[in-house]
Amino acid sequence: MTGIKTLLDNSMWLPGVLYLVVAFLPSPSGRSLWKASKYASCVALMASLLSLASADGGRLHLAADLPGRLMLVLIGILFVIITRYAQSYLNGERHQERFQRTLLATFGFAAIVVIAPRLDLIFVAWLLSSISLNRLLLHYPERRAAQLAAHKKFLVSRTAEVFFLLGLCALYHAYGTFNIAQLNAEITRGVIHLPAMTIFTLCLSLAVILKSAQLPLHGWLIQVMEAPTPVSALLHAGIVNLGGVILIRLHPFLDRVPAAQLLLTATGVFTFLVAGVVMMTRVSIKVRLAWSTCAQMGFLLAECGAGLYGLALLHLLGHSLYKSYLFLSSGSAVESYGKAATRRALPIFRPAHYWPSITALSILAAVLWGMRSLMLSGFEAPEPVALASLAVGVSPLLAAGISEKRLLGGALARGGALLALFFALHRIIAGVARPIAGRHPAIPSLFVLGLALLFAVQTAVRTANPQRTHRIRIWAFHGFYLDEMFTRWVLAIWPLKTDSALMYFRNSIGRSVAFQLDRAAAGVDLEIGTRTATLQKML
Amino acid sequence: MNCNSIASCFDTPGLAQDACRTIAPAWPLDRSIAVSPYWQFRHRSFDRAVEEMAYLAGSPMTMPPEYYREKFDSGEIAEASLIEAIEESGSLFTREEMIRFLDSSLVPLLQLPLLSDLVDIHRELTHTFSWHEHILTQISQCCASFFDRFQSEWPIDGDRALYPYWLEMMREDRGSEYLMQNYKLRQRCQALPGDAVQLLEMATERLQLSPDQTPLLFAVALHRIQGWASRCAQVAWQANLAGQADPCHCVNLLAIRVAWELLLDDGLRSASSVWSEWQIAWQQCINTSQPDQIRKGMIWLRAEELSCQDHLLAVLASPPLPQSEAPRVQAVFCIDVRSEPIRRAIEAIDPSIQTLGFAGFFGVPMEFLPLGSDAALPHLPGLLQPEFTALQTTGSTSHDQRIAAKLIEEKRLEDEFSRLPASGFALVETLGISKLFSLWKAAFPSSRRHPDGDSVRHANKIRLEATVQQKAELAERFLRATGLDSNLAPLVMLVGHASMTSNNPTAAALNCGACGGQSGLNNARAMRDILRDPEVTAELDRRGIRLAKNTVWVAGIHNTTLEIVEFDSTDLALISPQIRESLQSAFESAGNQIRMERLRSNGGTDDEPLPSAVAAQALERGSNWAETRPEWGLANNAALIVGPRARTRGLNLDGRCFLHEYDSSQDFDGSLLEQIATAPMIVAHWINMQYFASTVDPHRFGAGNKTLHNVVGGSLGLFEGNSGDLRIGLPLQSLHDGKRWRHSPVRLTVILFAPREKIERVIERNPVVRQLLEGRWIELILATDRRFERMRYGGYPASAPSATGEQQASCFSRMSSLRC
């Protein structure tokens, strides 16, 4: 029996270790390395499933740290899918082996972050997975846009790690341990070193905000389309979520620090509101998906801030699966365009939708509120914020039914099924992580306000005359100019390399004139020239 | 000076139109067909186009030296061909010089500069983006939002033309100012005129362009944003075909690009100003000739063509397989190069089957309307405008209506929930987990397959909306062109073709080009239905075509990824079981043979794998959502053979030839030949030049790396990565296998089995055909009894030596010994 217990307790280490071992195996390359990672992926997925359970006194039950274990299963699944995909996709590309090994390493470190029982280990693994990911982003190192995105990501992540490290120092100073279970237990018991705890929680929140691509430092997440599709899938479905998992695992801290709750909720609400609006103006599939990730991450952090940990976990898992699928299948956009032929004939601008939208939202809100009041006795009802997001989300379906009678039946059926599904899932997952303290009413209010605003903008955009929303559309189209400052700053401190296409172009222009030949034939000369000029200025 | 006087002596709108006329159209992704990007240069010679493309866009039209080095070393380019090419060019290069060139490195071509390029030359480009990059991104994003009707949820105010739309956006654009650290942009935009032509007039005046410079500058500017320009050109092309007014997007786009030049002009005109530098650079570029590399590259290109022709002619000179007098089955395939191997294999396996080649839309100029849709897809070559609509149907109207209503409802409700930002959160928290099944299904696709590839099951019939007279007209043309008006076999099969590929934005490029980038099955069905129609046969009877009553017409599909040929499922019952089985087994063994050949050419395995394993592999490729090379499409196409199948039957043409059926003895007035020369030949030329351009200049005329593809506006086109110009042409993975190019860029050789007078008459009557031949865009070889003769035009010596079959055969044996 102890054998089984040991196996179950330690199986959580297997995926990470296995990925890393394969990543750093000395000999195989190419096809045999893919084969090795295939076997590793199967074993790791099994192990991650085993790790969900724990044996105690001859009885099997769910493991204590369930959010992390569930994330591990998710990583196991993504690894199977993404490596399989990448094997075909990158066939014939240069530097395949480097890609494979880096991919394995990124997954390996990520698999350790989600289950590591100690904060110092989390710090190290998080750092390393982020650095490996940076290498993946530079798979085509000559692309200047790829360089810029990687530089941005590098700077943001290192800043996040500095915050995290600061927080860790404060925490260790006060509590003398890095063990998460012990720390959580002490906090829950009420052993509170207020300054240290506050500093740690705020630092952690900042680190998570930075790593979750919240506005206005989101640019890197949007601009990573310069790396192969599987990298985007991995980043948007896996790596960007790690911060959220850590927050959920350390939620007793968050529950005790209202300032951090407010910080997370405010940032999250601002991000999902703005990113949601910008998303509506995007013209290419992958960039639209990226803005959507940005908004979803904002929503996730706001949920954490508001103490909806169970839902946050559900959101995290659902979003990972959803987004990885959408990224990997983004080539089907043309096919779905064909299937949407009916939609093309419909104008996007639908003034007739205005009242149905509002009516539908009111009806749905009333229905959900009624259901909640009925449920209060004995059954754990979803939080008002959760119901608000549900009402806002499902109401367009109902609105379509109200404005077009022939759609009403389908709309009601689908809407009803979605509500039922939500309540069922909520029931299952709510117990995985419950807040140990309530929230100040300002936080859920802020959250609901954000949702209401997004709904209002969305409805306005679809029903108002395009002439009237034209100016604000231009702002939204440019992402409200939030990224430009960051871009310029990054460019200023971290120069880009001139790529071959640019050099070829410059040479072919430069060759036309002798005096330009001297300066432009080699970009290096030009750089040295400028550098000398700068030096002279400094002297 | 009075600005009006300058403007009037320039005729700016005319010059702008001229610049727009240098851009060939590019079709959207869902209906993409091959177009020659050099189509608008056809009235110049190929040689002139090479120079002009260099000056205008820095675009090479030959391969780099190392490519020819490899071909020369492997013997694929014979030494004799090189010497012949040198002689033909009339240049003074020696053979040694030419071979030394193969080890030289690539020199950039001379390219006419813009003012903004000179501004860039003075900037340091490591801490900032170049204007070149920024302008491209800015215009590209703006165009995408202007043309997009699908991806974005936020409707644009659609009453403006492209240039005013851009101007309004620029007047608000704080991002460009801040990013490029030029804080005058918005203010300067205020001073720009609101109309494209006015802007261009202003530019000629402000930039003090000379009359020679203006047209060139316009063309250079437009070629800088050539992807979107091609998109605009296609809108104009379509409008022109449909007889509508041209929305003039291209001129607007030109105005945008030129406006950027005005925005970056500092207004100084002193000797040391950027403007003066630019003018000097421009003049010097014009006065300097392009590097020698360009001429040497052309000689090598020609040498490769000659070697390729030698090989082809040698094959054609060998005796074809005899054809049975009374075939049991006739099968009409598309002229596509992928039909050639399978036709050869089928005929070899079952001599009682006769195959024919005809354009894969079977002469039915139709658009197809799928159930539940109100946007019809053209199923015909891009040169034509649809005349008929074919509706998808299950056969029963009420059933159709039910299905359509259900499809519309599903789509509408899905959109209402899944595309809105505020619904995204609830979506993820309810249906997010269920995507696990979608992921799994996509990653491990089932091995089953819908034979027809129809969007809706059982909706495998079509209804062509045309009168009996019209149908009879189509049938008559088809029958006469294929020679099926007599000698009809008891079973005639019309075989369309389609590829099988998953998650592939450029899928249409692998489908039937003659059917507008769709599957050819529906066109085959349309012609089959016409020929089966008793009213039509009666009408044909009146027109003098007596179709045998007992002939069974069936439709079929050639899946080019799997190399299988199947009957349309509704036709199965009409064929007697015995014939059906024998045909199916012939198709199957032909497929096995081709798949095995393909495996070998891909450098497959040494040991012989089982046919079933090879077939499973092909199926795996076709259904794998991560596969970037499901098949090689029309790669390596080189020639069009117009003649009777009897002359090519059984000859191994390596899948490099388009085969069009033609019997000059039945073509009394030359009208059939004229039809072939003005339609299928042009289509073959377009395909040939698309592959050519995507190989010689993958950065401008290729769609880039598939691993970075990012679909724009549902079907507008592709970005490679975040943004950049719209990418047109074929992706790298369609041409290159990671080790070597799978397409040899050579111009199309047309081998014509017809007497000289007939083709000369066609050339006289059709200026386009004449231009293509004179300009050496296409080379024509006349085949008479075992003799092949090059038709020489323009710069060619008219009395070029004609090669006989025997000579060619000896040449071929020399080549094959070299290869060993």
# chains A, B, ... in the order shown; residues from 1 in each chain; ligands from 1
$ select_by_dssp --residues "stretch 352-387 of chain A" --states "helix (DSSP H, G or I)" --output "PyMOL selection string"
chain A and resi 352-375+384-387
$ closest_residue --among "B:Ala348, B:Pro630, B:Glu789, B:Leu383" --to "B:Asp737" --atoms "only C-alpha atoms"
B:Pro630
$ residues_around --residues "stretch 433-448 of chain A" --least-positions-apart "2" --cutoff "10 Å" --atoms "only C-alpha atoms" --output "ChimeraX atom specification"
/A:65-67,187-188,248-249,251-258,261-266,268-270,299,302-313,383-389,392,429-431,450-454
$ atom_distance --atom1 "atom CA of B:Ala754" --atom2 "atom CA of B:Leu782"
6.8 Å
$ residues_around --residues "stretch 218-234 of chain A" --least-positions-apart "5" --cutoff "8 Å" --atoms "only C-alpha atoms" --output "PyMOL selection string"
(chain A and resi 78+82+85-86+136-140+143+145-146+149-150+152-153+213+239+286-287+290-291+294+323-325+327-328+483+486-487) or (chain B and resi 707-708+710+720-722)
$ select_by_dssp --residues "stretch 144-346 of chain B" --states "strand (DSSP E)" --output "ChimeraX atom specification"
/B:329-333
$ write_last_selection --atoms "N, CA and C atoms" --output "PDB file, in the first residue's frame"
ATOM      1  N   VAL B 329     -14.430   2.050 -72.594  1.00  0.00           N
ATOM      2  CA  VAL B 329     -14.698   3.182 -71.711  1.00  0.00           C
ATOM      3  C   VAL B 329     -13.875   4.373 -72.177  1.00  0.00           C
ATOM      4  N   GLN B 330     -14.497   5.539 -72.165  1.00  0.00           N
ATOM      5  CA  GLN B 330     -13.741   6.760 -72.397  1.00  0.00           C
ATOM      6  C   GLN B 330     -13.799   7.603 -71.129  1.00  0.00           C
ATOM      7  N   ALA B 331     -12.651   8.130 -70.723  1.00  0.00           N
ATOM      8  CA  ALA B 331     -12.624   8.954 -69.514  1.00  0.00           C
ATOM      9  C   ALA B 331     -11.983  10.289 -69.855  1.00  0.00           C
ATOM     10  N   VAL B 332     -12.721  11.370 -69.584  1.00  0.00           N
ATOM     11  CA  VAL B 332     -12.201  12.704 -69.883  1.00  0.00           C
ATOM     12  C   VAL B 332     -11.622  13.299 -68.604  1.00  0.00           C
ATOM     13  N   PHE B 333     -10.327  13.574 -68.640  1.00  0.00           N
ATOM     14  CA  PHE B 333      -9.655  14.162 -67.479  1.00  0.00           C
ATOM     15  C   PHE B 333      -9.371  15.630 -67.732  1.00  0.00           C
TER      16      PHE B 333
END
$ residues_around --residues "stretch 395-400 of chain A" --least-positions-apart "2" --cutoff "8 Å" --atoms "only C-alpha atoms" --output "PyMOL selection string"
(chain A and resi 353+356-361+364+391-393+402-404+407-408+411-412+415) or (chain B and resi 413+416-417)
$ decode --residues "stretch 227-238 of chain A" --atoms "all heavy atoms" --output "PDB file, in the first residue's frame"
ATOM      1  N   ALA A 227       6.678  33.588 -34.890  1.00  0.00           N
ATOM      2  CA  ALA A 227       7.218  32.248 -34.638  1.00  0.00           C
ATOM      3  C   ALA A 227       6.193  31.239 -35.155  1.00  0.00           C
ATOM      4  O   ALA A 227       5.014  31.566 -35.280  1.00  0.00           O
ATOM      5  CB  ALA A 227       7.464  32.064 -33.156  1.00  0.00           C
ATOM      6  N   PRO A 228       6.631  29.998 -35.455  1.00  0.00           N
ATOM      7  CA  PRO A 228       5.695  29.006 -36.008  1.00  0.00           C
ATOM      8  C   PRO A 228       4.440  28.816 -35.147  1.00  0.00           C
ATOM      9  O   PRO A 228       4.486  28.991 -33.931  1.00  0.00           O
ATOM     10  CB  PRO A 228       6.524  27.726 -36.036  1.00  0.00           C
ATOM     11  CG  PRO A 228       7.924  28.166 -36.072  1.00  0.00           C
ATOM     12  CD  PRO A 228       7.983  29.469 -35.354  1.00  0.00           C
ATOM     13  N   THR A 229       3.355  28.434 -35.794  1.00  0.00           N
ATOM     14  CA  THR A 229       2.067  28.306 -35.116  1.00  0.00           C
ATOM     15  C   THR A 229       2.111  27.492 -33.807  1.00  0.00           C
ATOM     16  O   THR A 229       1.492  27.907 -32.833  1.00  0.00           O
ATOM     17  CB  THR A 229       1.039  27.695 -36.079  1.00  0.00           C
ATOM     18  OG1 THR A 229       1.152  28.366 -37.319  1.00  0.00           O
ATOM     19  CG2 THR A 229      -0.363  27.831 -35.551  1.00  0.00           C
ATOM     20  N   PRO A 230       2.815  26.346 -33.744  1.00  0.00           N
ATOM     21  CA  PRO A 230       2.795  25.597 -32.484  1.00  0.00           C
ATOM     22  C   PRO A 230       3.341  26.406 -31.310  1.00  0.00           C
ATOM     23  O   PRO A 230       2.903  26.227 -30.177  1.00  0.00           O
ATOM     24  CB  PRO A 230       3.701  24.388 -32.762  1.00  0.00           C
ATOM     25  CG  PRO A 230       3.768  24.269 -34.222  1.00  0.00           C
ATOM     26  CD  PRO A 230       3.570  25.620 -34.794  1.00  0.00           C
ATOM     27  N   VAL A 231       4.268  27.324 -31.580  1.00  0.00           N
ATOM     28  CA  VAL A 231       4.794  28.161 -30.496  1.00  0.00           C
ATOM     29  C   VAL A 231       3.699  29.092 -29.987  1.00  0.00           C
ATOM     30  O   VAL A 231       3.522  29.254 -28.774  1.00  0.00           O
ATOM     31  CB  VAL A 231       6.013  28.980 -30.975  1.00  0.00           C
ATOM     32  CG1 VAL A 231       6.519  29.873 -29.868  1.00  0.00           C
ATOM     33  CG2 VAL A 231       7.105  28.067 -31.470  1.00  0.00           C
ATOM     34  N   SER A 232       2.928  29.661 -30.910  1.00  0.00           N
ATOM     35  CA  SER A 232       1.827  30.521 -30.487  1.00  0.00           C
ATOM     36  C   SER A 232       0.850  29.724 -29.653  1.00  0.00           C
ATOM     37  O   SER A 232       0.351  30.204 -28.623  1.00  0.00           O
ATOM     38  CB  SER A 232       1.098  31.087 -31.705  1.00  0.00           C
ATOM     39  OG  SER A 232       1.996  31.674 -32.592  1.00  0.00           O
ATOM     40  N   ALA A 233       0.561  28.498 -30.096  1.00  0.00           N
ATOM     41  CA  ALA A 233      -0.392  27.663 -29.366  1.00  0.00           C
ATOM     42  C   ALA A 233       0.128  27.392 -27.962  1.00  0.00           C
ATOM     43  O   ALA A 233      -0.605  27.517 -26.975  1.00  0.00           O
ATOM     44  CB  ALA A 233      -0.631  26.358 -30.112  1.00  0.00           C
ATOM     45  N   LEU A 234       1.401  27.045 -27.864  1.00  0.00           N
ATOM     46  CA  LEU A 234       1.998  26.744 -26.561  1.00  0.00           C
ATOM     47  C   LEU A 234       1.947  27.970 -25.663  1.00  0.00           C
ATOM     48  O   LEU A 234       1.553  27.895 -24.498  1.00  0.00           O
ATOM     49  CB  LEU A 234       3.449  26.296 -26.775  1.00  0.00           C
ATOM     50  CG  LEU A 234       4.350  26.338 -25.552  1.00  0.00           C
ATOM     51  CD1 LEU A 234       3.878  25.325 -24.536  1.00  0.00           C
ATOM     52  CD2 LEU A 234       5.789  26.051 -25.922  1.00  0.00           C
ATOM     53  N   LEU A 235       2.318  29.097 -26.224  1.00  0.00           N
ATOM     54  CA  LEU A 235       2.370  30.318 -25.423  1.00  0.00           C
ATOM     55  C   LEU A 235       0.973  30.714 -24.958  1.00  0.00           C
ATOM     56  O   LEU A 235       0.740  30.953 -23.775  1.00  0.00           O
ATOM     57  CB  LEU A 235       2.994  31.431 -26.271  1.00  0.00           C
ATOM     58  CG  LEU A 235       2.937  32.836 -25.690  1.00  0.00           C
ATOM     59  CD1 LEU A 235       3.643  32.875 -24.356  1.00  0.00           C
ATOM     60  CD2 LEU A 235       3.592  33.813 -26.635  1.00  0.00           C
ATOM     61  N   HIS A 236       0.025  30.763 -25.893  1.00  0.00           N
ATOM     62  CA  HIS A 236      -1.294  31.268 -25.559  1.00  0.00           C
ATOM     63  C   HIS A 236      -2.113  30.272 -24.754  1.00  0.00           C
ATOM     64  O   HIS A 236      -3.045  30.656 -24.059  1.00  0.00           O
ATOM     65  CB  HIS A 236      -2.051  31.637 -26.832  1.00  0.00           C
ATOM     66  CG  HIS A 236      -1.554  32.909 -27.421  1.00  0.00           C
ATOM     67  ND1 HIS A 236      -2.186  34.098 -27.245  1.00  0.00           N
ATOM     68  CD2 HIS A 236      -0.450  33.178 -28.147  1.00  0.00           C
ATOM     69  CE1 HIS A 236      -1.503  35.050 -27.852  1.00  0.00           C
ATOM     70  NE2 HIS A 236      -0.456  34.520 -28.414  1.00  0.00           N
ATOM     71  N   ALA A 237      -1.792  28.987 -24.878  1.00  0.00           N
ATOM     72  CA  ALA A 237      -2.587  28.003 -24.172  1.00  0.00           C
ATOM     73  C   ALA A 237      -1.917  27.569 -22.883  1.00  0.00           C
ATOM     74  O   ALA A 237      -2.579  27.141 -21.951  1.00  0.00           O
ATOM     75  CB  ALA A 237      -2.818  26.790 -25.056  1.00  0.00           C
ATOM     76  N   GLY A 238      -0.606  27.672 -22.821  1.00  0.00           N
ATOM     77  CA  GLY A 238       0.091  27.107 -21.672  1.00  0.00           C
ATOM     78  C   GLY A 238       0.822  28.145 -20.845  1.00  0.00           C
ATOM     79  O   GLY A 238       0.416  28.474 -19.726  1.00  0.00           O
TER      80      GLY A 238
END
